[in-house]
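A.B. asks: Following this message is one structure expressed as structure tokens.
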Amino acid sequence: MRKRPLIVLSTVAAATLLLAGCAGGAAPESSGTPSPTASSGCLLNAQPGATSDAVVVDGEGLDAKVTVPVDAPFADVERTIISKGDGDEVVANDLVGVKFQIIEAATGEIVDSSARSDGGEASVLLDQNNASLFIAALECQPLGTQVVLALPGKVFGDGGTAKVVYAEAVEQLPEVATGTPVDPTPGMPTVKLDDKGAPTVTIPDGEAPTETKVAVLKQGDGATVASGDLVVVQYLGVKWSDGTEFDSSWSRDAAPAQFQTTGVVAGFQKALEGQQVGSQVIVVMPPSDGYGASEGHELQKESLVFVVDILATTPVQQQQ
């Protein structure tokens, strides 16, 4: 399904070196960033330090004023709890609504925030491959906890500059489509859901469509997916020819997947863009909108069917 693009949530949220560089391998410069352990259940579990403790936060959410001391050392990845929440604990692979600001330490400039998301709250999948910054900020703390995360420039690679994250996981988001069921579209495959929301697809008799067709199974009322957005979905993919599954998030412990709409095959992109969060859609695509151009691919000649639950969409920050 994916073309495996380079996925970018924001200029700094792409810092996947955060976990690779600080949670294993070479020892950190101090005991402030211990390696994760099976007993803790945390990937990084960043601890307070001189820099994170010195950051001053006045106010809350997007209205908060974050002040970084000019002489802050930024020796390690550090996290200080500003205010403890009382919700469920946040862990890796959770889908959460987050209010955040990311501040350039040297200038105090806000370089990114959840203000660009619908309602000022970003939907973030805490996937360590795509959102390690937010895992470091939010993991192993209850919903509602406000944190300051201090990040030295080294975690962003060569030429990186120190940054501070102020963040709060506000709510746990649904991991299945919650929209209103819609009557089936004649001629499309039929879909049945089990008690956890996982779909089973039945292919109708006859030839596959020669053009991509999309039908809504549940109509959501959330934000509309735009081209290039970073989306979070659950999905099942089967072959039209025999109905066998070839890819599914449901088969991976129902862990949602995250990617840009422009980083998937054309038929999948057509199924996503223009739909609202909370919707479930089914798409049937000929090889030309699937893997037809991928010489030697096992699905090169196959017409494909996907059932997709659209869980979240986030505009991707424009790179400067």
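Here, A, B, ... name the chains of the structure tokens in the order displayed, residue numbers run from 1 inside each chain, and ligands are numbered from 1 in the same displayed order.
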Thr244 in chain A: which residues within 12 Å, counting only C-alpha atoms, same-chain residues fewer than 2 positions away excluded, as number ranges by chain?

C.D. replies: A: 200-203, 236-242, 246-248, 299, 302-306

A.B. asks: Near Ser114 in chain A, counting only C-alpha atoms, which residues have an atom at most 7 Å away, once you skip same-chain residues fewer than 3 positions from it, shown as a ChimeraX atom specification?

C.D. replies: /A:99-101,117,120-122

A.B. asks: Could you please determine the separation between CA of Pro204 in chain A and CA of Gly267 in chain A in Å, to one decimal place?

C.D. replies: 19.3 Å

A.B. asks: What gap, in Å, lies between CA of Ala105 in chain A and CA of Val56 in chain A?

C.D. replies: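 So the answer is 12.3 Å.
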
A.B. asks: Find the residues around range 58-62 of chain A up to 12 Å (only C-alpha atoms counted), leave out those fewer than 6 positions away in its own chain, and share them as an NGL selection string.

C.D. replies: :A and (68 or 82-83 or 98-102 or 110 or 112-117 or 119-122 or 144-148 or 165-170)

A.B. asks: Print the selection's residues with N, CA, C and O atoms to a file, as a short mmCIF file (atom, residue, chain, number, x, y, z; two decimals), in the first residue's frame.

C.D. replies:
data_model
loop_
_atom_site.label_atom_id
_atom_site.label_comp_id
_atom_site.auth_asym_id
_atom_site.auth_seq_id
_atom_site.Cartn_x
_atom_site.Cartn_y
_atom_site.Cartn_z
N VAL A 68 12.93 30.52 27.74
CA VAL A 68 14.10 29.66 27.87
C VAL A 68 15.28 30.50 28.34
O VAL A 68 15.61 31.51 27.71
N ILE A 82 5.28 19.98 34.46
CA ILE A 82 4.78 21.27 34.94
C ILE A 82 3.52 21.06 35.80
O ILE A 82 3.37 21.66 36.86
N SER A 83 2.64 20.20 35.31
CA SER A 83 1.39 19.94 36.01
C SER A 83 0.96 18.51 35.70
O SER A 83 0.92 18.13 34.52
N VAL A 98 -3.20 16.44 21.02
CA VAL A 98 -2.10 17.12 21.71
C VAL A 98 -2.14 18.62 21.42
O VAL A 98 -2.30 19.04 20.27
N LYS A 99 -1.97 19.41 22.48
CA LYS A 99 -1.71 20.84 22.33
C LYS A 99 -0.23 21.06 22.60
O LYS A 99 0.29 20.58 23.61
N PHE A 100 0.44 21.74 21.69
CA PHE A 100 1.88 21.88 21.86
C PHE A 100 2.42 23.16 21.23
O PHE A 100 1.79 23.76 20.35
N GLN A 101 3.58 23.54 21.71
CA GLN A 101 4.40 24.58 21.08
C GLN A 101 5.83 24.05 21.00
O GLN A 101 6.29 23.36 21.92
N ILE A 102 6.52 24.36 19.92
CA ILE A 102 7.94 24.03 19.80
C ILE A 102 8.69 25.35 19.62
O ILE A 102 8.39 26.13 18.71
N ILE A 110 8.47 30.63 18.24
CA ILE A 110 7.66 29.42 18.12
C ILE A 110 7.78 28.94 16.67
O ILE A 110 7.31 29.61 15.75
N ASP A 112 6.79 25.86 15.56
CA ASP A 112 5.66 25.01 15.20
C ASP A 112 4.74 24.93 16.40
O ASP A 112 5.17 25.09 17.55
N SER A 113 3.46 24.68 16.14
CA SER A 113 2.50 24.50 17.23
C SER A 113 1.27 23.80 16.69
O SER A 113 1.08 23.67 15.48
N SER A 114 0.42 23.37 17.60
CA SER A 114 -0.83 22.72 17.20
C SER A 114 -1.86 23.71 16.68
O SER A 114 -2.96 23.30 16.30
N ALA A 115 -1.50 24.99 16.63
CA ALA A 115 -2.44 25.99 16.10
C ALA A 115 -2.82 25.71 14.66
O ALA A 115 -3.90 26.11 14.20
N ARG A 116 -1.94 25.02 13.90
CA ARG A 116 -2.24 24.75 12.50
C ARG A 116 -3.20 23.57 12.33
O ARG A 116 -3.58 23.23 11.21
N SER A 117 -3.58 22.91 13.43
CA SER A 117 -4.50 21.79 13.38
C SER A 117 -5.92 22.25 13.69
O SER A 117 -6.13 23.29 14.32
N GLY A 119 -9.09 23.09 15.38
CA GLY A 119 -9.41 23.32 16.78
C GLY A 119 -8.21 23.55 17.67
O GLY A 119 -8.34 23.57 18.89
N GLY A 120 -7.02 23.71 17.07
CA GLY A 120 -5.82 23.95 17.86
C GLY A 120 -5.31 22.73 18.60
O GLY A 120 -4.48 22.85 19.50
N GLU A 121 -5.78 21.56 18.20
CA GLU A 121 -5.36 20.31 18.85
C GLU A 121 -4.91 19.34 17.76
O GLU A 121 -5.69 18.95 16.90
N ALA A 122 -3.65 18.95 17.79
CA ALA A 122 -3.10 18.04 16.79
C ALA A 122 -3.40 16.60 17.18
O ALA A 122 -3.31 16.22 18.35
N GLY A 144 -3.57 14.86 30.31
CA GLY A 144 -3.73 16.11 31.03
C GLY A 144 -2.44 16.63 31.63
O GLY A 144 -2.41 17.75 32.14
N THR A 145 -1.37 15.83 31.58
CA THR A 145 -0.08 16.27 32.11
C THR A 145 0.56 17.28 31.17
O THR A 145 0.62 17.07 29.96
N GLN A 146 1.02 18.40 31.74
CA GLN A 146 1.74 19.41 30.96
C GLN A 146 3.23 19.25 31.20
O GLN A 146 3.67 19.15 32.35
N VAL A 147 3.99 19.21 30.11
CA VAL A 147 5.42 18.93 30.23
C VAL A 147 6.24 19.95 29.45
O VAL A 147 5.77 20.57 28.50
N VAL A 148 7.49 20.09 29.88
CA VAL A 148 8.52 20.80 29.13
C VAL A 148 9.59 19.78 28.75
O VAL A 148 10.07 19.04 29.61
N VAL A 165 10.09 21.94 23.86
CA VAL A 165 8.71 21.56 23.56
C VAL A 165 7.87 21.74 24.82
O VAL A 165 8.25 21.27 25.90
N TYR A 166 6.75 22.43 24.67
CA TYR A 166 5.75 22.51 25.73
C TYR A 166 4.53 21.76 25.20
O TYR A 166 4.01 22.09 24.13
N ALA A 167 4.08 20.72 25.90
CA ALA A 167 3.04 19.86 25.34
C ALA A 167 2.13 19.29 26.41
O ALA A 167 2.51 19.15 27.58
N GLU A 168 0.93 18.96 25.98
CA GLU A 168 -0.06 18.30 26.83
C GLU A 168 -0.89 17.36 25.96
O GLU A 168 -1.43 17.77 24.93
N ALA A 169 -0.96 16.08 26.35
CA ALA A 169 -1.88 15.14 25.71
C ALA A 169 -3.26 15.34 26.34
O ALA A 169 -3.47 15.08 27.52
N VAL A 170 -4.18 15.85 25.54
CA VAL A 170 -5.47 16.28 26.07
C VAL A 170 -6.46 15.12 26.15
O VAL A 170 -7.24 15.02 27.12
#

A.B. asks: DSSP on the backbone: what in range 138-227 of chain A comes out strand (DSSP E or B), as a ChimeraX atom specification?

C.D. replies: /A:142,146-151,163-172,180-181,190-193,199-202,213-219,224

A.B. asks: Show which residues sit within 7 Å of Gln258 in chain A, as a PDB file with N, CA, C and O atoms, in the first residue's frame. Count only C-alpha atoms, and ignore same-chain residues fewer than 5 positions away.

C.D. replies:
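Output file around_26.pdb follows:
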ATOM      1  N   LEU A 230      -0.889  14.527   6.737  1.00  0.00           N
ATOM      2  CA  LEU A 230      -0.436  13.333   7.439  1.00  0.00           C
ATOM      3  C   LEU A 230      -1.669  12.701   8.067  1.00  0.00           C
ATOM      4  O   LEU A 230      -2.326  13.315   8.915  1.00  0.00           O
ATOM      5  N   VAL A 231      -2.007  11.491   7.645  1.00  0.00           N
ATOM      6  CA  VAL A 231      -3.227  10.837   8.110  1.00  0.00           C
ATOM      7  C   VAL A 231      -2.888   9.645   8.997  1.00  0.00           C
ATOM      8  O   VAL A 231      -1.814   9.054   8.892  1.00  0.00           O
ATOM      9  N   VAL A 232      -3.846   9.311   9.864  1.00  0.00           N
ATOM     10  CA  VAL A 232      -3.760   8.105  10.676  1.00  0.00           C
ATOM     11  C   VAL A 232      -4.962   7.243  10.321  1.00  0.00           C
ATOM     12  O   VAL A 232      -6.107   7.738  10.329  1.00  0.00           O
ATOM     13  N   VAL A 233      -4.726   5.975   9.998  1.00  0.00           N
ATOM     14  CA  VAL A 233      -5.800   5.101   9.540  1.00  0.00           C
ATOM     15  C   VAL A 233      -5.652   3.691  10.110  1.00  0.00           C
ATOM     16  O   VAL A 233      -4.573   3.271  10.518  1.00  0.00           O
TER      17      VAL A 233
END

A.B. asks: May I ask for the distance between CA of Lys218 in chain A and CA of Asp309 in chain A, given in Å to one decimal place?

C.D. replies: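 That distance, rounded to one decimal, is 8.7 Å.
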
A.B. asks: Might you pull out every residue within 7 Å of Gly228 in chain A, with only C-alpha atoms counted and same-chain residues fewer than 3 positions away left off, and present them as JSON, numbers by chain?

C.D. replies: {"A": [260, 261, 262, 316]}

A.B. asks: Any chance you could export the current selection's all heavy atoms as a JSON list (two decimals), in the first residue's frame?

C.D. replies:
[["chain", "number", "residue", "atom", "x", "y", "z"],
["A", 260, "GLN", "N", 1.69, 10.20, 4.79],
["A", 260, "GLN", "CA", 1.13, 11.30, 4.01],
["A", 260, "GLN", "C", 0.29, 10.75, 2.87],
["A", 260, "GLN", "O", 0.59, 9.69, 2.31],
["A", 260, "GLN", "CB", 2.25, 12.18, 3.44],
["A", 260, "GLN", "CG", 2.79, 13.20, 4.42],
["A", 260, "GLN", "CD", 3.83, 14.09, 3.77],
["A", 260, "GLN", "OE1", 5.02, 13.79, 3.83],
["A", 260, "GLN", "NE2", 3.40, 15.18, 3.17],
["A", 261, "THR", "N", -0.75, 11.49, 2.51],
["A", 261, "THR", "CA", -1.62, 11.03, 1.42],
["A", 261, "THR", "C", -0.87, 10.95, 0.10],
["A", 261, "THR", "O", -1.22, 10.15, -0.76],
["A", 261, "THR", "CB", -2.82, 11.97, 1.23],
["A", 261, "THR", "OG1", -2.36, 13.26, 0.80],
["A", 261, "THR", "CG2", -3.60, 12.13, 2.53],
["A", 262, "THR", "N", 0.17, 11.75, -0.04],
["A", 262, "THR", "CA", 0.95, 11.74, -1.28],
["A", 262, "THR", "C", 2.02, 10.67, -1.28],
["A", 262, "THR", "O", 2.78, 10.56, -2.24],
["A", 262, "THR", "CB", 1.62, 13.12, -1.48],
["A", 262, "THR", "OG1", 2.28, 13.51, -0.26],
["A", 262, "THR", "CG2", 0.59, 14.17, -1.82],
["A", 316, "VAL", "N", 0.69, 19.11, 7.05],
["A", 316, "VAL", "CA", 2.14, 19.00, 7.20],
["A", 316, "VAL", "C", 2.74, 20.40, 7.12],
["A", 316, "VAL", "O", 2.44, 21.17, 6.20],
["A", 316, "VAL", "CB", 2.75, 18.09, 6.13],
["A", 316, "VAL", "CG1", 4.27, 18.10, 6.20],
["A", 316, "VAL", "CG2", 2.22, 16.66, 6.32]]

A.B. asks: Have a look at A:Thr178, A:Leu143, A:Val164, A:Ala150 and name the one nearest to Asp86 in chain A; count only C-alpha atoms.

C.D. replies: A:Leu143

A.B. asks: Show which residues sit within 9 Å of range 91-96 of chain A, as a PyMOL selection string. Count only C-alpha atoms, and ignore same-chain residues fewer than 3 positions away.

C.D. replies: chain A and resi 41-43+122-128+135+138-141+143+169-175+232+255-256+311-312

A.B. asks: Out of A:Val182, A:Ile103, A:Ala177, A:Val191, which residue has the shortest atom-to-atom distance to Gln276 in chain A when counting only C-alpha atoms?

C.D. replies: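 Among the listed residues, A:Ala177 lies closest to Gln276 in chain A.
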
A.B. asks: Choose the residue, out of A:Glu109, A:Asp53, A:Asp88, A:Glu78, that has the smallest atom-to-atom separation from Ala137 in chain A; count only C-alpha atoms.

C.D. replies: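 Closest candidate: A:Glu78.
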
A.B. asks: A:Thr190, A:Ser132, A:Ser288, A:Gln275: which is nearest Pro209 in chain A, counting only C-alpha atoms?

C.D. replies: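 Smallest separation from Pro209 in chain A among the options: A:Ser288.
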
A.B. asks: Going by DSSP on the backbone, which bits of range 49-273 of chain A are helix (DSSP H, G or I)? Write them as an MDAnalysis selection string, please.

C.D. replies: chainID A and resid 50:54 61:63 114:116 118:120 132:138 153:156 261:263 266:272

A.B. asks: Just the selected residues (N, CA, C and O atoms), exported as a compact mmCIF listing (two decimals), in the first residue's frame, please.

C.D. replies:
# COMPACT_ATOMS: atom_id res chain seq x y z
N ALA A 50 18.74 20.23 34.53
CA ALA A 50 18.96 21.66 34.80
C ALA A 50 18.26 22.54 33.77
O ALA A 50 17.72 23.60 34.12
N THR A 51 18.25 22.12 32.51
CA THR A 51 17.64 22.96 31.48
C THR A 51 16.12 22.91 31.53
O THR A 51 15.45 23.95 31.56
N SER A 52 15.55 21.72 31.54
CA SER A 52 14.08 21.62 31.54
C SER A 52 13.49 22.24 32.80
O SER A 52 12.42 22.86 32.75
N ASP A 53 14.19 22.10 33.94
CA ASP A 53 13.69 22.70 35.18
C ASP A 53 13.73 24.23 35.15
O ASP A 53 12.96 24.90 35.85
N ALA A 54 14.64 24.77 34.34
CA ALA A 54 14.82 26.23 34.31
C ALA A 54 13.86 26.93 33.35
O ALA A 54 13.70 28.15 33.42
N GLY A 61 -1.63 25.82 27.31
CA GLY A 61 -1.99 25.57 25.93
C GLY A 61 -1.29 26.50 24.96
O GLY A 61 -0.15 26.91 25.14
N LEU A 62 -2.03 26.88 23.92
CA LEU A 62 -1.46 27.75 22.88
C LEU A 62 -1.24 29.17 23.37
O LEU A 62 -0.51 29.93 22.74
N ASP A 63 -1.86 29.52 24.50
CA ASP A 63 -1.67 30.86 25.05
C ASP A 63 -0.47 30.94 26.00
O ASP A 63 -0.13 32.04 26.47
N SER A 114 0.42 23.37 17.60
CA SER A 114 -0.83 22.72 17.20
C SER A 114 -1.86 23.71 16.68
O SER A 114 -2.96 23.30 16.30
N ALA A 115 -1.50 24.99 16.63
CA ALA A 115 -2.44 25.99 16.10
C ALA A 115 -2.82 25.71 14.66
O ALA A 115 -3.90 26.11 14.20
N ARG A 116 -1.94 25.02 13.90
CA ARG A 116 -2.24 24.75 12.50
C ARG A 116 -3.20 23.57 12.33
O ARG A 116 -3.58 23.23 11.21
N ASP A 118 -6.88 21.48 13.26
CA ASP A 118 -8.29 21.80 13.47
C ASP A 118 -8.58 21.93 14.96
O ASP A 118 -8.30 21.03 15.75
N GLY A 119 -9.09 23.09 15.38
CA GLY A 119 -9.41 23.32 16.78
C GLY A 119 -8.21 23.55 17.67
O GLY A 119 -8.34 23.57 18.89
N GLY A 120 -7.02 23.71 17.07
CA GLY A 120 -5.82 23.95 17.86
C GLY A 120 -5.31 22.73 18.60
O GLY A 120 -4.48 22.85 19.50
N SER A 132 8.81 10.60 17.36
CA SER A 132 9.58 10.29 18.56
C SER A 132 9.67 11.47 19.51
O SER A 132 9.79 11.30 20.72
N LEU A 133 9.63 12.68 18.99
CA LEU A 133 9.64 13.87 19.84
C LEU A 133 8.46 13.82 20.81
O LEU A 133 8.63 14.07 22.02
N PHE A 134 7.29 13.49 20.32
CA PHE A 134 6.11 13.48 21.18
C PHE A 134 6.10 12.26 22.10
O PHE A 134 5.53 12.32 23.20
N ILE A 135 6.69 11.16 21.68
CA ILE A 135 6.84 10.04 22.61
C ILE A 135 7.67 10.47 23.80
O ILE A 135 7.32 10.24 24.96
N ALA A 136 8.81 11.13 23.52
CA ALA A 136 9.68 11.58 24.61
C ALA A 136 8.97 12.56 25.53
O ALA A 136 9.18 12.54 26.75
N ALA A 137 8.11 13.40 24.97
CA ALA A 137 7.41 14.40 25.78
C ALA A 137 6.28 13.81 26.60
O ALA A 137 6.07 14.19 27.76
N LEU A 138 5.54 12.85 26.03
CA LEU A 138 4.25 12.49 26.61
C LEU A 138 4.18 11.10 27.22
O LEU A 138 3.29 10.83 28.03
N GLY A 153 20.68 20.36 20.37
CA GLY A 153 20.75 20.33 18.91
C GLY A 153 21.24 19.03 18.34
O GLY A 153 20.87 18.65 17.21
N LYS A 154 22.03 18.27 19.09
CA LYS A 154 22.62 17.03 18.57
C LYS A 154 21.58 15.98 18.20
O LYS A 154 21.84 15.12 17.36
N VAL A 155 20.38 16.03 18.81
CA VAL A 155 19.39 15.00 18.48
C VAL A 155 18.79 15.22 17.11
O VAL A 155 18.12 14.33 16.58
N PHE A 156 18.99 16.39 16.52
CA PHE A 156 18.46 16.68 15.20
C PHE A 156 19.50 16.48 14.10
O PHE A 156 19.26 16.82 12.95
N THR A 261 -0.75 11.49 2.51
CA THR A 261 -1.62 11.03 1.42
C THR A 261 -0.87 10.95 0.10
O THR A 261 -1.22 10.15 -0.76
N THR A 262 0.17 11.75 -0.04
CA THR A 262 0.95 11.74 -1.28
C THR A 262 2.02 10.67 -1.28
O THR A 262 2.78 10.56 -2.24
N GLY A 263 2.07 9.85 -0.22
CA GLY A 263 3.08 8.80 -0.13
C GLY A 263 2.51 7.41 -0.32
O GLY A 263 3.15 6.44 0.07
N ALA A 266 -1.89 5.65 -5.97
CA ALA A 266 -2.88 6.65 -6.41
C ALA A 266 -4.29 6.32 -5.94
O ALA A 266 -5.06 7.20 -5.53
N GLY A 267 -4.68 5.04 -6.01
CA GLY A 267 -6.04 4.68 -5.61
C GLY A 267 -6.30 4.91 -4.14
O GLY A 267 -7.39 5.33 -3.75
N PHE A 268 -5.29 4.65 -3.31
CA PHE A 268 -5.44 4.88 -1.88
C PHE A 268 -5.53 6.38 -1.60
O PHE A 268 -6.32 6.83 -0.77
N GLN A 269 -4.73 7.17 -2.31
CA GLN A 269 -4.79 8.62 -2.15
C GLN A 269 -6.16 9.15 -2.52
O GLN A 269 -6.73 10.00 -1.81
N LYS A 270 -6.75 8.64 -3.60
CA LYS A 270 -8.09 9.06 -4.01
C LYS A 270 -9.13 8.72 -2.96
O LYS A 270 -10.13 9.43 -2.80
N ALA A 271 -8.91 7.62 -2.25
CA ALA A 271 -9.86 7.21 -1.22
C ALA A 271 -9.82 8.11 0.01
O ALA A 271 -10.83 8.28 0.70
N LEU A 272 -8.67 8.73 0.26
CA LEU A 272 -8.48 9.52 1.47
C LEU A 272 -8.86 10.98 1.30
O LEU A 272 -9.58 11.55 2.13

A.B. asks: With distances taken over only C-alpha atoms, which residue among A:Val90, A:Gly108, A:Thr161, A:Val277 lies nearest Val55 in chain A?

C.D. replies: A:Gly108
